[in-house]
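Contents: one structure, followed by commentary.
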Amino acid sequence: MNLEYPKNSCPNPIKVVHAVEDLKIGGMERVIASIVTGLDRNRFDTRVLCLTRGGAVADDLSRQGVNLTVLGIDNYHRPSQIFRLFRWLKRERCHILHCHGYFAGVAGRVAGLLARIPHMVLHVHSPYLDYQKKHLIMEKALSHWTDKIVCVSRAVQDWVLRAEEIDKGKTVIIYNGVKSSFTDTALISSNDLKDRFQIPKQDTIFSIIASLTANKGHEVLLEAFKIVSDSCRDTTLMIIGGGPMREKLDEKARRLKIDRKVVFTGEQKNIHDLLHIADICLLPSQFREGLGLALVEAMSRGLPLIGTDVGGIPEVISQGVNGLLVAPGDAEALAHAMLTLARDHALRKKMGAASRMIYEEKFTHDKMIKEIRALYDGLLG
């Protein structure tokens with residue numbers, strides 16, 4: 001796509017707008033923040049546009065001096081709302097519009113086409129298995145005016161090619177990357193954190209970092225942890241995150257009589273310290289998973305992993321090398337994997353070291369930023 005450049009064909013700095021529905025706490029939101037703050041500000045004038053509302057990540061970016069706008073759009077089916085977005089984009093005259101997620105991807109690219117944005121990128125963070133036929137048709141149509149579709153894993157790329165019937169040449173895989181927390185010092189001591197959450201000092205801590213929604217598999221995890229805690233008493237399950245299932249999960253933990261060994265931390269903007277007290281990180285997603293950013297963050301800390309054989313998770317967990325994979329929905333298999341690592345400290349250490357090596361090879365923040373920068377440079381020739 002090459003409609004109209006703002007005067008110079010080789011702009012400096014390159015003006016990039018990242019469009020997203022909102023910026024609450026979540027994996028996609030953390031990736032956007034990493035890209036926006038990681039690009040060289042001398043080369044890139046990077047801005048963020050929240051179409052509907054802000055959120056905790058948006059507030060953090062604003063405090064860091066990032067140029068961020070909340071437009072307040074609530075329905076992209078209304079022409080008046082698209083017109084507001086069109087006017088904003090026309091006024092900003094950016095060189096690249098980088099959209100994240102379905103809502104911003106559709107509204108942003110329609111308005112961007114009308115505003116004659118020179119280059120448009122769509123970033124797909126997950127396979128959206130609940131898409132209806134109309135959504136797939138819309139994605140297919142808009143792909144003709146999209147320069148590149150960034151997929152966060154091979155699994156996401158496969159879904160884009162198969163379900164949306166997008167030309168493979170339009171796609172590029174860029175793995176999510178995170179900054180290392182391996183050598184960093186925790187702001188709070190491990191013992192103080194354990195005291196805060198009433199975790200016995202000797203316990204092996206399993207942690208899951210995920211929104212409390214059905215797809216993330218917390219219910220299956222509680223059933224598995226019941227088996228684990230009955231067999232291995234010196235264990236704690238730390239559930240990090242918030243979401244609509246909190247009450248239901250609380251009640252289930254009480255019903256299984258494991259509530260004294262399950263810690264709900266609620267939403268945490270900074271999971272850095274909590275990773276320092278974790279021994280094993282889990283992500284038992286049930287239906288879909290783009291990549292599993294929480295697993296990558298745990299890898300940067302040098303932790304062994306347990307996950308389901310879903311979506312991009314097998315691209316993060318190499319079976320038997322840096323962790324264990326199980327079938328989704330199988331509480332007994334999940335419990336067996338948890339007990340295997342809980343009982344074998346040497347295996348945990350070996351897998352944790354492998355996690356760190358795989359992280360350094362594939363999932364660093366610097367690698368992700370380098371590939372995003374190369375994508376932008378390629379679009380501008």
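To be explicit about the labels: the chains of the structure tokens are called A, B, and onward in the order shown, and within each one the residues are counted from 1, while ligands get numbers from 1 in the order they are shown.
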- Query: Which neighbours of range 334-343 of chain A fall inside 10 Å, counting only C-alpha atoms, when residues of the same chain fewer than 2 positions from it are skipped, and could you give them as a ChimeraX atom specification?
  - Reply: /A:203-206,220-229,231-232,234-235,279-282,284,304-308,323-332,345-349,351
- Message: Quick check for you: according to DSSP on this backbone, which residues of range 45-257 of chain A are classed as strand (DSSP E)? Reply as JSON, numbers by chain.
- Response: {"A": [45, 46, 47, 48, 49, 50, 67, 68, 69, 70, 96, 97, 98, 99, 100, 119, 120, 121, 122, 123, 124, 148, 149, 150, 151, 171, 172, 173, 204, 205, 206, 207, 208, 209, 235, 236, 237, 238, 239, 240]}
Kindly export the residues of the current selection with N, CA and C atoms, as a compact mmCIF listing (two decimals), in the first residue's frame.
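Listing of out25.txt after writing:
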```
# COMPACT_ATOMS: atom_id res chain seq x y z
N ASP A 45 8.84 8.65 16.05
CA ASP A 45 7.90 9.46 16.82
C ASP A 45 6.67 8.57 17.03
N THR A 46 6.67 7.85 18.16
CA THR A 46 5.67 6.82 18.40
C THR A 46 4.54 7.34 19.28
N ARG A 47 3.31 7.12 18.85
CA ARG A 47 2.14 7.57 19.58
C ARG A 47 1.18 6.42 19.80
N VAL A 48 0.34 6.53 20.81
CA VAL A 48 -0.64 5.49 21.12
C VAL A 48 -2.04 6.09 21.05
N LEU A 49 -2.92 5.37 20.38
CA LEU A 49 -4.32 5.79 20.28
C LEU A 49 -5.20 4.69 20.87
N CYS A 50 -5.85 4.97 22.00
CA CYS A 50 -6.83 4.06 22.58
C CYS A 50 -8.20 4.45 22.04
N ASN A 67 3.18 9.94 24.11
CA ASN A 67 2.05 10.69 23.56
C ASN A 67 0.88 9.74 23.39
N LEU A 68 -0.16 9.88 24.22
CA LEU A 68 -1.29 8.94 24.22
C LEU A 68 -2.61 9.68 24.19
N THR A 69 -3.50 9.22 23.32
CA THR A 69 -4.82 9.82 23.17
C THR A 69 -5.90 8.77 23.38
N VAL A 70 -6.95 9.11 24.13
CA VAL A 70 -8.13 8.26 24.26
C VAL A 70 -9.26 8.94 23.49
N ILE A 96 3.03 5.33 9.51
CA ILE A 96 2.63 3.94 9.72
C ILE A 96 1.54 3.89 10.78
N LEU A 97 0.45 3.19 10.48
CA LEU A 97 -0.60 2.92 11.44
C LEU A 97 -0.50 1.44 11.82
N HIS A 98 -0.22 1.17 13.09
CA HIS A 98 0.00 -0.19 13.58
C HIS A 98 -1.17 -0.54 14.50
N CYS A 99 -2.07 -1.43 14.04
CA CYS A 99 -3.30 -1.74 14.77
C CYS A 99 -3.16 -3.06 15.51
N HIS A 100 -3.79 -3.13 16.70
CA HIS A 100 -3.73 -4.33 17.54
C HIS A 100 -5.15 -4.79 17.89
N HIS A 119 1.11 3.52 5.15
CA HIS A 119 1.34 2.11 5.45
C HIS A 119 0.54 1.69 6.67
N MET A 120 -0.05 0.49 6.60
CA MET A 120 -0.84 -0.03 7.72
C MET A 120 -0.39 -1.45 8.06
N VAL A 121 -0.31 -1.70 9.36
CA VAL A 121 0.12 -2.99 9.90
C VAL A 121 -0.95 -3.49 10.86
N LEU A 122 -1.26 -4.78 10.81
CA LEU A 122 -2.15 -5.40 11.79
C LEU A 122 -1.33 -6.37 12.62
N HIS A 123 -1.47 -6.30 13.93
CA HIS A 123 -0.76 -7.18 14.85
C HIS A 123 -1.78 -8.15 15.45
N VAL A 124 -1.64 -9.44 15.13
CA VAL A 124 -2.58 -10.46 15.61
C VAL A 124 -1.95 -11.18 16.80
N LYS A 148 1.42 -5.39 6.16
CA LYS A 148 1.91 -6.59 6.83
C LYS A 148 0.98 -6.96 7.99
N ILE A 149 0.86 -8.27 8.20
CA ILE A 149 0.11 -8.80 9.34
C ILE A 149 1.11 -9.52 10.23
N VAL A 150 1.36 -8.94 11.40
CA VAL A 150 2.32 -9.51 12.35
C VAL A 150 1.62 -10.58 13.17
N CYS A 151 2.18 -11.78 13.19
CA CYS A 151 1.65 -12.90 13.98
C CYS A 151 2.63 -13.20 15.10
N THR A 171 2.09 -11.97 5.74
CA THR A 171 2.31 -12.22 7.16
C THR A 171 3.79 -12.27 7.52
N VAL A 172 4.07 -11.99 8.78
CA VAL A 172 5.42 -12.13 9.32
C VAL A 172 5.27 -12.55 10.79
N ILE A 173 6.11 -13.47 11.24
CA ILE A 173 6.09 -13.90 12.64
C ILE A 173 7.11 -13.09 13.42
N THR A 204 6.92 -25.29 47.87
CA THR A 204 7.16 -25.12 46.44
C THR A 204 5.98 -24.34 45.87
N ILE A 205 6.28 -23.24 45.17
CA ILE A 205 5.21 -22.34 44.71
C ILE A 205 4.99 -22.50 43.21
N PHE A 206 3.76 -22.89 42.86
CA PHE A 206 3.29 -22.88 41.48
C PHE A 206 2.62 -21.54 41.23
N SER A 207 2.94 -20.89 40.12
CA SER A 207 2.29 -19.60 39.83
C SER A 207 1.67 -19.63 38.44
N ILE A 208 0.52 -18.99 38.34
CA ILE A 208 -0.13 -18.76 37.05
C ILE A 208 -0.41 -17.27 36.96
N ILE A 209 0.00 -16.68 35.85
CA ILE A 209 -0.23 -15.25 35.60
C ILE A 209 -1.17 -15.15 34.41
N THR A 235 3.20 -27.34 49.26
CA THR A 235 3.01 -26.68 47.96
C THR A 235 1.97 -25.57 48.12
N THR A 236 2.15 -24.53 47.32
CA THR A 236 1.20 -23.41 47.28
C THR A 236 0.93 -23.06 45.82
N LEU A 237 -0.32 -22.75 45.53
CA LEU A 237 -0.70 -22.28 44.19
C LEU A 237 -0.96 -20.78 44.28
N MET A 238 -0.20 -19.99 43.52
CA MET A 238 -0.35 -18.54 43.52
C MET A 238 -1.01 -18.12 42.20
N ILE A 239 -2.21 -17.57 42.30
CA ILE A 239 -2.99 -17.17 41.13
C ILE A 239 -2.90 -15.65 41.01
N ILE A 240 -2.18 -15.20 39.97
CA ILE A 240 -1.91 -13.77 39.78
C ILE A 240 -2.79 -13.26 38.65
```
- Quick one: pull the distance between CA of Thr265 in chain A and CA of Asp344 in chain A, Å, one decimal. 26.5 Å
- Message: Applying 8 Å and only C-alpha atoms, which residues near Ile166 in chain A remain after dropping the ones on its own chain fewer than 6 positions away? List them as an MDAnalysis selection string.
- Response: chainID A and resid 140 143 160
Determine which residues of range 147-237 of chain A DSSP labels as helix (DSSP H, G or I) from the backbone of this structure, then write them out as a compact mmCIF listing (two decimals) with all heavy atoms, in the first residue's frame.
```
# COMPACT_ATOMS: atom_id res chain seq x y z
N ARG A 154 3.81 -19.12 15.22
CA ARG A 154 3.46 -19.91 14.04
C ARG A 154 2.00 -20.35 14.11
O ARG A 154 1.31 -20.43 13.10
CB ARG A 154 4.36 -21.14 13.92
CG ARG A 154 5.78 -20.84 13.50
CD ARG A 154 6.54 -22.11 13.09
NE ARG A 154 6.49 -23.14 14.12
CZ ARG A 154 7.34 -23.23 15.13
NH1 ARG A 154 8.32 -22.33 15.24
NH2 ARG A 154 7.26 -24.19 16.03
N ALA A 155 1.54 -20.65 15.33
CA ALA A 155 0.15 -21.07 15.51
C ALA A 155 -0.81 -19.98 15.06
O ALA A 155 -1.83 -20.25 14.41
CB ALA A 155 -0.11 -21.45 16.97
N VAL A 156 -0.51 -18.74 15.40
CA VAL A 156 -1.35 -17.61 14.98
C VAL A 156 -1.27 -17.44 13.47
O VAL A 156 -2.28 -17.23 12.80
CB VAL A 156 -0.94 -16.32 15.72
CG1 VAL A 156 -1.61 -15.10 15.07
CG2 VAL A 156 -1.32 -16.40 17.18
N GLN A 157 -0.07 -17.55 12.92
CA GLN A 157 0.07 -17.44 11.46
C GLN A 157 -0.73 -18.53 10.75
O GLN A 157 -1.43 -18.25 9.76
CB GLN A 157 1.54 -17.53 11.06
CG GLN A 157 1.75 -17.31 9.56
CD GLN A 157 3.16 -17.66 9.11
OE1 GLN A 157 3.65 -18.76 9.41
NE2 GLN A 157 3.81 -16.75 8.41
N ASP A 158 -0.66 -19.76 11.25
CA ASP A 158 -1.42 -20.85 10.64
C ASP A 158 -2.91 -20.55 10.65
O ASP A 158 -3.63 -20.83 9.68
CB ASP A 158 -1.15 -22.17 11.38
CG ASP A 158 0.26 -22.70 11.15
OD1 ASP A 158 0.91 -22.22 10.19
OD2 ASP A 158 0.69 -23.57 11.91
N TRP A 159 -3.39 -19.99 11.77
CA TRP A 159 -4.82 -19.65 11.86
C TRP A 159 -5.19 -18.54 10.88
O TRP A 159 -6.22 -18.60 10.21
CB TRP A 159 -5.15 -19.22 13.29
CG TRP A 159 -6.58 -18.81 13.44
CD1 TRP A 159 -7.67 -19.61 13.62
CD2 TRP A 159 -7.09 -17.47 13.40
NE1 TRP A 159 -8.81 -18.87 13.69
CE2 TRP A 159 -8.49 -17.55 13.56
CE3 TRP A 159 -6.49 -16.22 13.25
CZ2 TRP A 159 -9.30 -16.42 13.56
CZ3 TRP A 159 -7.31 -15.10 13.26
CH2 TRP A 159 -8.69 -15.20 13.41
N VAL A 160 -4.34 -17.52 10.77
CA VAL A 160 -4.59 -16.42 9.84
C VAL A 160 -4.66 -16.94 8.40
O VAL A 160 -5.55 -16.56 7.63
CB VAL A 160 -3.50 -15.33 9.97
CG1 VAL A 160 -3.54 -14.36 8.80
CG2 VAL A 160 -3.68 -14.56 11.29
N LEU A 161 -3.74 -17.83 8.05
CA LEU A 161 -3.70 -18.36 6.68
C LEU A 161 -4.90 -19.27 6.41
O LEU A 161 -5.51 -19.21 5.34
CB LEU A 161 -2.41 -19.15 6.46
CG LEU A 161 -1.09 -18.38 6.63
CD1 LEU A 161 0.09 -19.30 6.37
CD2 LEU A 161 -1.03 -17.18 5.69
N ARG A 162 -5.24 -20.10 7.40
CA ARG A 162 -6.30 -21.09 7.18
C ARG A 162 -7.70 -20.48 7.32
O ARG A 162 -8.54 -20.62 6.44
CB ARG A 162 -6.14 -22.23 8.19
CG ARG A 162 -7.12 -23.38 8.00
CD ARG A 162 -6.98 -24.42 9.08
NE ARG A 162 -7.41 -23.94 10.39
CZ ARG A 162 -6.60 -23.57 11.36
NH1 ARG A 162 -5.28 -23.62 11.18
NH2 ARG A 162 -7.06 -23.14 12.52
N ALA A 163 -7.96 -19.80 8.44
CA ALA A 163 -9.31 -19.31 8.73
C ALA A 163 -9.65 -18.06 7.93
O ALA A 163 -10.77 -17.91 7.43
CB ALA A 163 -9.45 -19.04 10.22
N LYS A 168 0.05 -15.67 2.42
CA LYS A 168 1.16 -15.86 3.36
C LYS A 168 2.21 -14.75 3.24
O LYS A 168 2.85 -14.38 4.24
CB LYS A 168 1.82 -17.22 3.13
CG LYS A 168 2.86 -17.57 4.18
CD LYS A 168 3.41 -18.97 4.01
CE LYS A 168 4.39 -19.30 5.13
NZ LYS A 168 4.92 -20.68 5.01
N GLY A 169 2.38 -14.21 2.05
CA GLY A 169 3.34 -13.13 1.85
C GLY A 169 3.02 -11.87 2.63
O GLY A 169 3.89 -11.02 2.86
N LYS A 170 1.76 -11.76 3.06
CA LYS A 170 1.35 -10.60 3.87
C LYS A 170 1.77 -10.74 5.32
O LYS A 170 1.74 -9.76 6.07
CB LYS A 170 -0.18 -10.45 3.82
CG LYS A 170 -0.73 -9.92 2.51
CD LYS A 170 -0.77 -8.42 2.51
CE LYS A 170 -1.47 -7.90 1.25
NZ LYS A 170 -1.50 -6.43 1.23
N SER A 190 12.16 -12.14 49.32
CA SER A 190 11.31 -13.32 49.14
C SER A 190 10.55 -13.65 50.42
O SER A 190 9.36 -13.96 50.39
CB SER A 190 12.15 -14.51 48.70
OG SER A 190 12.71 -14.29 47.43
N ASN A 191 11.24 -13.57 51.54
CA ASN A 191 10.59 -13.89 52.82
C ASN A 191 9.47 -12.91 53.14
O ASN A 191 8.41 -13.29 53.65
CB ASN A 191 11.61 -13.91 53.95
CG ASN A 191 12.47 -15.16 53.92
OD1 ASN A 191 12.10 -16.17 53.32
ND2 ASN A 191 13.64 -15.09 54.55
N ASP A 192 9.69 -11.62 52.85
CA ASP A 192 8.65 -10.62 53.10
C ASP A 192 7.43 -10.88 52.23
O ASP A 192 6.29 -10.72 52.68
CB ASP A 192 9.19 -9.21 52.84
CG ASP A 192 10.15 -8.74 53.93
OD1 ASP A 192 10.17 -9.38 54.99
OD2 ASP A 192 10.87 -7.75 53.70
N LEU A 193 7.68 -11.25 50.95
CA LEU A 193 6.56 -11.54 50.06
C LEU A 193 5.79 -12.77 50.54
O LEU A 193 4.55 -12.79 50.52
CB LEU A 193 7.06 -11.77 48.63
CG LEU A 193 7.20 -10.53 47.74
CD1 LEU A 193 7.87 -10.90 46.43
CD2 LEU A 193 5.84 -9.91 47.47
N LYS A 194 6.52 -13.78 50.95
CA LYS A 194 5.84 -14.98 51.45
C LYS A 194 5.05 -14.68 52.71
O LYS A 194 3.93 -15.19 52.90
CB LYS A 194 6.87 -16.09 51.70
CG LYS A 194 7.44 -16.69 50.42
CD LYS A 194 8.44 -17.79 50.69
CE LYS A 194 8.97 -18.37 49.39
NZ LYS A 194 9.96 -19.45 49.61
N ASP A 195 5.59 -13.82 53.56
CA ASP A 195 4.86 -13.41 54.77
C ASP A 195 3.59 -12.64 54.39
O ASP A 195 2.53 -12.85 54.99
CB ASP A 195 5.74 -12.55 55.67
CG ASP A 195 6.81 -13.36 56.38
OD1 ASP A 195 6.67 -14.60 56.46
OD2 ASP A 195 7.81 -12.76 56.84
N ARG A 196 3.73 -11.76 53.39
CA ARG A 196 2.57 -10.95 52.98
C ARG A 196 1.41 -11.83 52.53
O ARG A 196 0.24 -11.57 52.85
CB ARG A 196 2.96 -10.00 51.85
CG ARG A 196 1.77 -9.18 51.33
CD ARG A 196 2.07 -8.49 50.01
NE ARG A 196 3.09 -7.46 50.13
CZ ARG A 196 3.50 -6.73 49.10
NH1 ARG A 196 2.98 -6.93 47.89
NH2 ARG A 196 4.43 -5.81 49.26
N ALA A 214 -12.45 -18.20 31.54
CA ALA A 214 -12.58 -19.65 31.33
C ALA A 214 -11.44 -20.22 30.49
O ALA A 214 -10.96 -21.32 30.76
CB ALA A 214 -13.93 -19.95 30.69
N ASN A 215 -11.01 -19.48 29.47
CA ASN A 215 -10.00 -20.00 28.56
C ASN A 215 -8.67 -20.31 29.25
O ASN A 215 -7.94 -21.20 28.82
CB ASN A 215 -9.76 -19.01 27.41
CG ASN A 215 -8.66 -19.48 26.48
OD1 ASN A 215 -8.70 -20.57 25.93
ND2 ASN A 215 -7.63 -18.65 26.32
N LYS A 216 -8.36 -19.60 30.32
CA LYS A 216 -7.03 -19.76 30.94
C LYS A 216 -6.92 -21.02 31.80
O LYS A 216 -5.84 -21.36 32.26
CB LYS A 216 -6.68 -18.52 31.77
CG LYS A 216 -6.57 -17.24 30.93
CD LYS A 216 -5.49 -17.35 29.87
CE LYS A 216 -5.33 -16.05 29.08
NZ LYS A 216 -4.29 -16.15 28.03
N HIS A 218 -8.21 -22.01 34.85
CA HIS A 218 -8.04 -21.99 36.30
C HIS A 218 -8.86 -23.09 37.00
O HIS A 218 -8.41 -23.65 38.01
CB HIS A 218 -8.47 -20.63 36.86
CG HIS A 218 -7.58 -19.51 36.46
ND1 HIS A 218 -7.75 -18.80 35.30
CD2 HIS A 218 -6.48 -18.96 37.07
CE1 HIS A 218 -6.82 -17.86 35.21
NE2 HIS A 218 -6.04 -17.94 36.26
N GLU A 219 -10.04 -23.41 36.49
CA GLU A 219 -10.86 -24.44 37.14
C GLU A 219 -10.19 -25.80 37.08
O GLU A 219 -10.15 -26.54 38.06
CB GLU A 219 -12.24 -24.48 36.48
CG GLU A 219 -13.11 -23.26 36.79
CD GLU A 219 -14.55 -23.46 36.37
OE1 GLU A 219 -15.32 -23.99 37.20
OE2 GLU A 219 -14.89 -23.10 35.23
N VAL A 220 -9.64 -26.13 35.91
CA VAL A 220 -8.91 -27.39 35.77
C VAL A 220 -7.67 -27.37 36.66
O VAL A 220 -7.33 -28.38 37.30
CB VAL A 220 -8.50 -27.62 34.29
CG1 VAL A 220 -7.66 -28.88 34.15
CG2 VAL A 220 -9.73 -27.72 33.41
N LEU A 221 -7.02 -26.22 36.75
CA LEU A 221 -5.82 -26.10 37.58
C LEU A 221 -6.14 -26.33 39.05
O LEU A 221 -5.38 -27.00 39.77
CB LEU A 221 -5.20 -24.71 37.39
CG LEU A 221 -3.97 -24.38 38.23
CD1 LEU A 221 -2.87 -25.43 38.04
CD2 LEU A 221 -3.44 -22.99 37.87
N LEU A 222 -7.27 -25.81 39.54
CA LEU A 222 -7.65 -26.05 40.93
C LEU A 222 -7.91 -27.53 41.19
O LEU A 222 -7.53 -28.07 42.24
CB LEU A 222 -8.90 -25.22 41.28
CG LEU A 222 -8.70 -23.70 41.39
CD1 LEU A 222 -10.02 -23.01 41.64
CD2 LEU A 222 -7.70 -23.35 42.50
N GLU A 223 -8.55 -28.20 40.23
CA GLU A 223 -8.79 -29.64 40.37
C GLU A 223 -7.45 -30.39 40.42
O GLU A 223 -7.28 -31.33 41.21
CB GLU A 223 -9.65 -30.14 39.22
CG GLU A 223 -11.07 -29.60 39.24
CD GLU A 223 -11.80 -29.81 37.92
OE1 GLU A 223 -11.29 -30.57 37.07
OE2 GLU A 223 -12.88 -29.21 37.73
N ALA A 224 -6.52 -29.98 39.57
CA ALA A 224 -5.20 -30.62 39.57
C ALA A 224 -4.47 -30.35 40.87
O ALA A 224 -3.82 -31.25 41.44
CB ALA A 224 -4.39 -30.11 38.38
N PHE A 225 -4.57 -29.11 41.35
CA PHE A 225 -3.85 -28.76 42.58
C PHE A 225 -4.42 -29.49 43.79
O PHE A 225 -3.69 -29.76 44.75
CB PHE A 225 -3.86 -27.25 42.81
CG PHE A 225 -3.03 -26.83 43.98
CD1 PHE A 225 -1.64 -26.97 43.95
CD2 PHE A 225 -3.62 -26.32 45.13
CE1 PHE A 225 -0.86 -26.61 45.04
CE2 PHE A 225 -2.84 -25.95 46.22
CZ PHE A 225 -1.46 -26.10 46.18
N LYS A 226 -5.69 -29.84 43.77
CA LYS A 226 -6.27 -30.65 44.84
C LYS A 226 -5.54 -31.99 44.92
O LYS A 226 -5.17 -32.45 46.02
CB LYS A 226 -7.76 -30.87 44.56
CG LYS A 226 -8.43 -31.94 45.41
CD LYS A 226 -8.44 -31.57 46.89
CE LYS A 226 -9.23 -32.60 47.70
NZ LYS A 226 -9.12 -32.36 49.16
N ILE A 227 -5.28 -32.60 43.77
CA ILE A 227 -4.54 -33.87 43.73
C ILE A 227 -3.12 -33.66 44.23
O ILE A 227 -2.59 -34.46 45.01
CB ILE A 227 -4.53 -34.43 42.29
CG1 ILE A 227 -5.96 -34.70 41.81
CG2 ILE A 227 -3.69 -35.70 42.21
CD1 ILE A 227 -6.06 -35.05 40.32
N VAL A 228 -2.50 -32.56 43.80
CA VAL A 228 -1.11 -32.27 44.19
C VAL A 228 -1.01 -32.05 45.69
O VAL A 228 -0.14 -32.62 46.37
CB VAL A 228 -0.59 -31.02 43.43
CG1 VAL A 228 0.75 -30.56 43.99
CG2 VAL A 228 -0.47 -31.31 41.94
N SER A 229 -1.88 -31.21 46.24
CA SER A 229 -1.77 -30.86 47.67
C SER A 229 -2.10 -32.04 48.57
O SER A 229 -1.57 -32.13 49.69
CB SER A 229 -2.68 -29.67 47.99
OG SER A 229 -4.04 -29.99 47.73
N ASP A 230 -2.95 -32.96 48.12
CA ASP A 230 -3.24 -34.16 48.91
C ASP A 230 -2.01 -35.07 48.99
O ASP A 230 -1.81 -35.77 49.98
CB ASP A 230 -4.40 -34.94 48.29
CG ASP A 230 -5.75 -34.30 48.57
OD1 ASP A 230 -5.80 -33.40 49.42
OD2 ASP A 230 -6.74 -34.70 47.93
N SER A 231 -1.19 -35.02 47.92
CA SER A 231 -0.03 -35.90 47.86
C SER A 231 1.25 -35.22 48.34
O SER A 231 2.17 -35.88 48.83
CB SER A 231 0.16 -36.39 46.42
OG SER A 231 1.27 -37.21 46.29
```
- Query: Using only C-alpha atoms, which residues sit within 12 Å of Arg30 in chain A once same-chain residues fewer than 5 positions away are excluded, as an MDAnalysis selection string?
  - Reply: chainID A and resid 22:25 35:38 55:58 60:61 100 125 176:179 269:271 292:294 297 365
- Of A:Val106, A:Arg84, A:Arg116, A:Glu361, the one nearest to Ile137 in chain A when counting only C-alpha atoms is A:Val106
- Name the residues in contact with Asn12 in chain A at a cut-off of 9 Å, using only C-alpha atoms, excluding same-chain residues fewer than 4 positions from it; report them as a PyMOL selection string. chain A and resi 8+42-45
- Item | Contacts of His135 in chain A at 12 Å (only C-alpha atoms; same-chain gap of 3+ positions) as a list of chain:residue names | A:Tyr102, A:Phe103, A:Gly105, A:Val106, A:Tyr128, A:Leu129, A:Asp130, A:Tyr131, A:Gln132, A:Met138, A:Glu139, A:Lys140, A:Ala141, A:Leu142, A:Ala163, A:Glu164
Residue subset to file, keeping N, CA, C and O atoms, as a compact mmCIF listing (two decimals), in the first residue's frame:
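The result, written out as again-v4.txt:
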```
# COMPACT_ATOMS: atom_id res chain seq x y z
N TYR A 102 -8.97 -7.00 17.08
CA TYR A 102 -10.00 -6.92 16.04
C TYR A 102 -10.66 -5.54 15.97
O TYR A 102 -10.77 -4.96 14.89
N PHE A 103 -11.12 -5.01 17.09
CA PHE A 103 -11.84 -3.74 17.08
C PHE A 103 -11.00 -2.63 16.46
O PHE A 103 -11.43 -1.94 15.53
N GLY A 105 -8.30 -3.08 14.76
CA GLY A 105 -7.86 -3.50 13.43
C GLY A 105 -8.85 -3.14 12.34
O GLY A 105 -8.45 -2.73 11.25
N VAL A 106 -10.14 -3.30 12.64
CA VAL A 106 -11.16 -2.96 11.65
C VAL A 106 -11.36 -1.44 11.57
O VAL A 106 -11.23 -0.84 10.51
N TYR A 128 -8.51 -16.06 17.00
CA TYR A 128 -9.84 -15.76 17.54
C TYR A 128 -10.83 -16.80 17.03
O TYR A 128 -11.45 -16.64 15.98
N LEU A 129 -10.98 -17.87 17.81
CA LEU A 129 -11.78 -19.00 17.37
C LEU A 129 -13.26 -18.72 17.35
O LEU A 129 -14.04 -19.49 16.78
N ASP A 130 -13.69 -17.63 17.99
CA ASP A 130 -15.12 -17.29 18.03
C ASP A 130 -15.53 -16.35 16.88
O ASP A 130 -16.67 -15.89 16.85
N TYR A 131 -14.63 -16.08 15.96
CA TYR A 131 -14.99 -15.23 14.83
C TYR A 131 -16.13 -15.86 14.03
O TYR A 131 -16.13 -17.07 13.75
N GLN A 132 -17.10 -15.02 13.67
CA GLN A 132 -18.16 -15.45 12.77
C GLN A 132 -17.71 -15.22 11.33
O GLN A 132 -16.69 -14.59 11.07
N MET A 138 -14.47 -9.70 6.71
CA MET A 138 -13.94 -8.35 6.92
C MET A 138 -12.41 -8.36 6.96
O MET A 138 -11.74 -7.52 6.34
N GLU A 139 -11.84 -9.35 7.68
CA GLU A 139 -10.39 -9.45 7.76
C GLU A 139 -9.78 -9.72 6.39
O GLU A 139 -8.75 -9.14 6.03
N LYS A 140 -10.39 -10.60 5.64
CA LYS A 140 -9.90 -10.92 4.30
C LYS A 140 -9.93 -9.68 3.40
O LYS A 140 -8.96 -9.38 2.68
N ALA A 141 -11.03 -8.92 3.47
CA ALA A 141 -11.15 -7.72 2.63
C ALA A 141 -10.11 -6.67 3.00
O ALA A 141 -9.44 -6.11 2.14
N LEU A 142 -9.98 -6.42 4.31
CA LEU A 142 -9.05 -5.38 4.75
C LEU A 142 -7.59 -5.76 4.53
O LEU A 142 -6.72 -4.89 4.47
N ALA A 163 -7.96 -19.80 8.44
CA ALA A 163 -9.31 -19.31 8.73
C ALA A 163 -9.65 -18.06 7.93
O ALA A 163 -10.77 -17.91 7.43
N GLU A 164 -8.68 -17.13 7.80
CA GLU A 164 -8.96 -15.87 7.13
C GLU A 164 -8.55 -15.90 5.66
O GLU A 164 -8.84 -14.96 4.92
```
